[in-house]
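protein-v4.cif, holding mmCIF, C-alpha atoms:
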data_my_file
#
loop_
_atom_site.label_atom_id
_atom_site.label_comp_id
_atom_site.auth_asym_id
_atom_site.auth_seq_id
_atom_site.Cartn_x
_atom_site.Cartn_y
_atom_site.Cartn_z
CA MET A 10 58.63 42.96 -71.69
CA THR A 11 56.82 44.14 -74.78
CA GLN A 12 53.34 45.58 -74.93
CA GLN A 13 52.00 42.46 -76.63
CA GLN A 14 53.37 40.12 -73.98
CA ASN A 15 51.96 42.35 -71.25
CA ASN A 16 48.47 42.23 -72.82
CA GLN A 17 48.62 38.43 -73.17
CA MET A 18 49.58 38.00 -69.52
CA HIS A 19 46.85 40.38 -68.41
CA ALA A 20 44.26 38.46 -70.50
CA ARG A 21 45.31 35.12 -69.00
CA SER A 22 44.82 36.32 -65.43
CA GLU A 23 41.23 37.59 -66.08
CA ARG A 24 39.93 34.70 -68.15
CA GLY A 25 37.11 33.30 -65.88
CA ALA A 26 36.20 36.38 -63.83
CA VAL A 27 33.36 37.53 -66.11
CA LEU A 28 31.94 34.02 -66.37
CA ILE A 29 31.90 33.54 -62.61
CA THR A 30 30.31 36.98 -62.07
CA ALA A 31 27.64 36.23 -64.66
CA LEU A 32 26.87 32.84 -63.08
CA VAL A 33 26.55 34.40 -59.61
CA LEU A 34 24.18 37.06 -60.96
CA LEU A 35 22.17 34.38 -62.77
CA LEU A 36 21.92 32.38 -59.52
CA VAL A 37 20.70 35.45 -57.60
CA LEU A 38 18.07 36.19 -60.27
CA THR A 39 16.92 32.55 -60.22
CA ILE A 40 16.48 32.65 -56.43
CA LEU A 41 14.54 35.93 -56.66
CA GLY A 42 12.30 34.53 -59.40
CA THR A 43 11.60 31.34 -57.46
CA SER A 44 10.82 33.31 -54.32
CA SER A 45 8.39 35.61 -56.12
CA MET A 46 6.67 32.60 -57.70
CA GLN A 47 6.19 31.01 -54.26
CA ASN A 48 4.74 34.27 -52.93
CA THR A 49 2.36 34.48 -55.88
CA VAL A 50 1.19 30.90 -55.36
CA MET A 51 0.64 31.56 -51.64
CA GLU A 52 -1.35 34.74 -52.35
CA GLU A 53 -3.46 32.84 -54.89
CA ARG A 54 -4.25 30.16 -52.30
CA MET A 55 -5.14 32.78 -49.70
CA SER A 56 -7.44 34.52 -52.15
CA GLY A 57 -9.16 31.24 -53.03
CA ASN A 58 -9.63 30.35 -49.35
CA PHE A 59 -11.06 33.79 -48.60
CA ASN A 60 -13.50 33.41 -51.49
CA ASP A 61 -14.50 29.95 -50.24
CA VAL A 62 -15.15 31.18 -46.69
CA THR A 63 -17.12 34.14 -48.04
CA ILE A 64 -19.39 31.78 -50.00
CA ALA A 65 -19.88 29.66 -46.86
CA PHE A 66 -20.68 32.76 -44.80
CA GLU A 67 -23.24 33.97 -47.35
CA SER A 68 -24.85 30.51 -47.37
CA ALA A 69 -25.10 30.54 -43.57
CA GLU A 70 -26.70 33.99 -43.72
CA ALA A 71 -29.19 32.65 -46.27
CA ALA A 72 -30.04 29.89 -43.78
CA LEU A 73 -30.67 32.55 -41.11
CA ARG A 74 -33.03 34.41 -43.45
CA VAL A 75 -34.94 31.20 -44.16
CA ALA A 76 -35.17 30.51 -40.41
CA GLU A 77 -36.56 34.01 -39.84
CA GLY A 78 -39.30 33.21 -42.33
CA VAL A 79 -40.02 29.93 -40.56
CA LEU A 80 -40.25 31.72 -37.21
CA ASP A 81 -42.51 34.33 -38.77
CA ALA A 82 -44.79 31.58 -40.08
CA ASN A 83 -44.66 29.84 -36.69
CA ALA A 84 -45.94 32.98 -34.98
CA THR A 85 -48.89 32.89 -37.34
CA PHE A 86 -49.54 29.17 -37.73
CA ASN A 87 -47.75 27.47 -34.77
CA ALA A 88 -45.89 25.30 -37.28
CA LEU A 89 -42.96 24.33 -35.03
CA ALA A 90 -43.22 21.66 -32.34
CA PHE A 91 -40.22 22.77 -30.20
CA ASN A 92 -39.64 19.20 -29.06
CA GLY A 93 -36.55 18.43 -31.14
CA THR A 94 -38.29 16.37 -33.83
CA ASP A 95 -38.38 19.14 -36.43
CA GLY A 96 -35.11 20.93 -35.61
CA SER A 97 -36.75 23.24 -33.08
CA HIS A 98 -35.95 22.91 -29.39
CA GLU A 99 -37.35 24.58 -26.30
CA MET A 100 -34.84 25.62 -23.66
CA ILE A 101 -36.37 25.44 -20.21
CA ASP A 102 -34.84 27.40 -17.32
CA GLY A 103 -31.54 25.78 -16.41
CA ASP A 104 -31.16 23.91 -19.73
CA LEU A 105 -27.93 24.31 -21.60
CA SER A 106 -28.19 25.38 -25.20
CA LEU A 107 -27.36 22.89 -27.93
CA ASP A 108 -23.75 22.38 -28.90
CA PRO A 109 -23.17 24.08 -32.28
CA THR A 110 -20.26 21.74 -33.06
CA VAL A 111 -22.49 18.63 -33.08
CA GLU A 112 -23.56 18.00 -36.66
CA ALA A 113 -26.62 15.96 -35.60
CA ASN A 114 -28.25 19.10 -34.14
CA TYR A 115 -28.62 20.65 -37.59
CA VAL A 116 -31.84 19.03 -38.74
CA ILE A 117 -33.48 21.65 -40.96
CA THR A 118 -32.00 22.08 -44.44
CA VAL A 119 -32.34 25.19 -46.55
CA PRO A 120 -33.97 25.00 -50.00
CA THR A 121 -31.37 25.24 -52.76
CA THR A 122 -33.20 28.22 -54.24
CA ALA A 123 -32.22 30.28 -51.18
CA VAL A 124 -28.49 29.70 -51.74
CA SER A 125 -26.64 31.61 -54.43
CA GLY A 126 -23.61 30.00 -56.04
CA SER A 127 -22.32 26.48 -55.85
CA VAL A 128 -21.72 25.05 -52.40
CA ASN A 129 -20.47 21.64 -51.36
CA ALA A 130 -23.44 20.91 -49.09
CA THR A 131 -26.84 22.45 -48.40
CA PRO A 132 -26.84 24.86 -45.43
CA THR A 133 -28.61 23.66 -42.30
CA TYR A 134 -29.88 25.24 -39.11
CA TYR A 135 -31.72 24.63 -35.85
CA ILE A 136 -33.93 26.87 -33.72
CA GLU A 137 -33.92 27.21 -29.95
CA LYS A 138 -36.83 28.79 -28.10
CA LEU A 139 -35.35 30.52 -25.07
CA PRO A 140 -37.21 30.93 -21.76
CA SER A 141 -39.69 33.82 -21.72
CA VAL A 142 -38.61 37.06 -20.09
CA GLU A 143 -40.79 39.72 -18.49
CA VAL A 144 -39.97 43.20 -19.73
CA ALA A 145 -41.22 46.30 -17.95
CA GLY A 146 -43.91 48.28 -19.75
CA GLY A 147 -43.10 51.23 -21.91
CA SER A 148 -44.86 53.89 -19.85
CA LEU A 149 -42.96 56.59 -17.99
CA VAL A 150 -45.40 56.30 -15.11
CA LYS A 151 -44.31 53.62 -12.68
CA GLY A 152 -46.83 50.82 -12.42
CA PHE A 153 -48.99 52.20 -15.21
CA GLU A 154 -48.45 49.34 -17.69
CA PRO A 155 -48.14 45.70 -16.71
CA PRO A 156 -44.94 43.92 -17.68
CA VAL A 157 -44.92 42.27 -21.08
CA THR A 158 -43.72 38.68 -21.55
CA VAL A 159 -41.31 38.37 -24.46
CA THR A 160 -40.05 35.15 -26.06
CA TYR A 161 -36.67 35.10 -27.78
CA TYR A 162 -35.39 32.58 -30.29
CA ARG A 163 -31.84 31.62 -31.14
CA VAL A 164 -31.09 30.36 -34.63
CA THR A 165 -27.79 28.63 -35.33
CA ALA A 166 -26.88 28.06 -38.97
CA ARG A 167 -24.08 25.97 -40.48
CA ALA A 168 -22.82 26.12 -44.06
CA VAL A 169 -19.81 25.08 -46.11
CA GLY A 170 -18.36 26.72 -49.17
CA VAL A 171 -17.16 25.20 -52.39
CA SER A 172 -14.80 22.90 -50.50
CA PRO A 173 -15.98 20.97 -47.43
CA LYS A 174 -13.07 22.36 -45.41
CA SER A 175 -14.53 25.87 -45.25
CA GLU A 176 -17.23 25.64 -42.60
CA VAL A 177 -19.03 28.63 -41.08
CA VAL A 178 -21.34 28.51 -38.05
CA ILE A 179 -23.42 31.58 -37.24
#
Just give me the structure of the file as structure tokens.
Amino acid sequence: MTQQQNNQMHARSERGAVLITALVLLLVLTILGTSSMQNTVMEERMSGNFNDVTIAFESAEAALRVAEGVLDANATFNALAFNGTDGSHEMIDGDLSLDPTVEANYVITVPTTAVSGSVNATPTYYIEKLPSVEVAGGSLVKGFEPPVTVTYYRVTARAVGVSPKSEVVI
């Protein structure tokens, strides 16, 4: 067998090996690229959802700040009725607190000027006046100061972010 015949036979036996190897490598690279694209899309969605929940949380905090101002004004002017008509409720001993999952409990809406950014709905809240508690006086001498009656309030705020699916209750 001559050298030329040997080279021709060798070339015939290796004809498709490079093509098949290249196609397999191309397939592997395509799968890696598709996988990284899916990961990027998932991370983008997670980032958007986190941003949406953060906006909802900040809106709920703004509602709490507004409620603090209302309670401050109530201490001065007795502006709240605490009978449920104006979003304020009085909890008498043995009463259960209001259910924060019931949307009808959230009567008071927050002015739009208190909310920064764009939200899907205006934040809302309700106020509960808890039963008064007697706290011992601040003196170190026993019996020196009479007990002080303290009233506590519970404010529950609800807000949504840019999409209505991101709801935060504080």
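One distance worth recording is that between CA of Gly103 (chain A) and CA of Ser141 (chain A), which is 12.6 Å.
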For this session: Pick out the residues sitting within 12 Å of Ala65 (chain A), and hand them over as a ChimeraX atom specification; count only C-alpha atoms, and ignore anything fewer than 6 positions along from it in its own chain.
Result: /A:58-59,71-72,124-133,166-179
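For Val79 (chain A), the list of residues within 12 Å, based on only C-alpha atoms and with local chain neighbours fewer than 2 positions off taken out, reads A:Ala72, A:Leu73, A:Arg74, A:Val75, A:Ala76, A:Glu77, A:Asp81, A:Ala82, A:Asn83, A:Ala84, A:Thr85, A:Phe86, A:Asn87, A:Ala88, A:Leu89, A:Asp95, A:Gly96, A:Ser97, A:Ile117, A:Thr118, A:Val119, A:Tyr134, A:Tyr135, A:Ile136, A:Tyr162, A:Val164.
When only C-alpha atoms are used to measure the gap to Gly78 (chain A), the shortest distance among A:Met55, A:Ala123, A:Ile64, A:Ala90 belongs to A:Ala123.
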Seminar exercise, completed: One residue among A:Leu139, A:Met51, A:Leu34, A:Val62 is nearest to Phe91 (chain A) when using all atoms listed in the file, and that residue is A:Leu139
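Candidate residues A:Tyr161, A:Ser68, A:Ile29, A:Glu53 were compared for distance to Thr121 (chain A), and the nearest is A:Ser68, using all atoms listed in the file.
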Give me the box for region 107-121 of chain A as JSON, namely the centre and edge lengths in Å to one decimal of a box along x, y and z that holds every listed atom plus 8 Å on each side.
{"center_x": -27.1, "center_y": 20.6, "center_z": -40.3, "size_x": 29.7, "size_y": 25.3, "size_z": 40.8}
Seminar exercise, completed: Correct to one decimal, the distance CA of Asp108 (chain A)-CA of Gly93 (chain A) is 13.6 Å
Exercise. Mind pulling up the distance from CA of Ala145 (chain A) to CA of Glu99 (chain A)?
Worked result: 23.6 Å
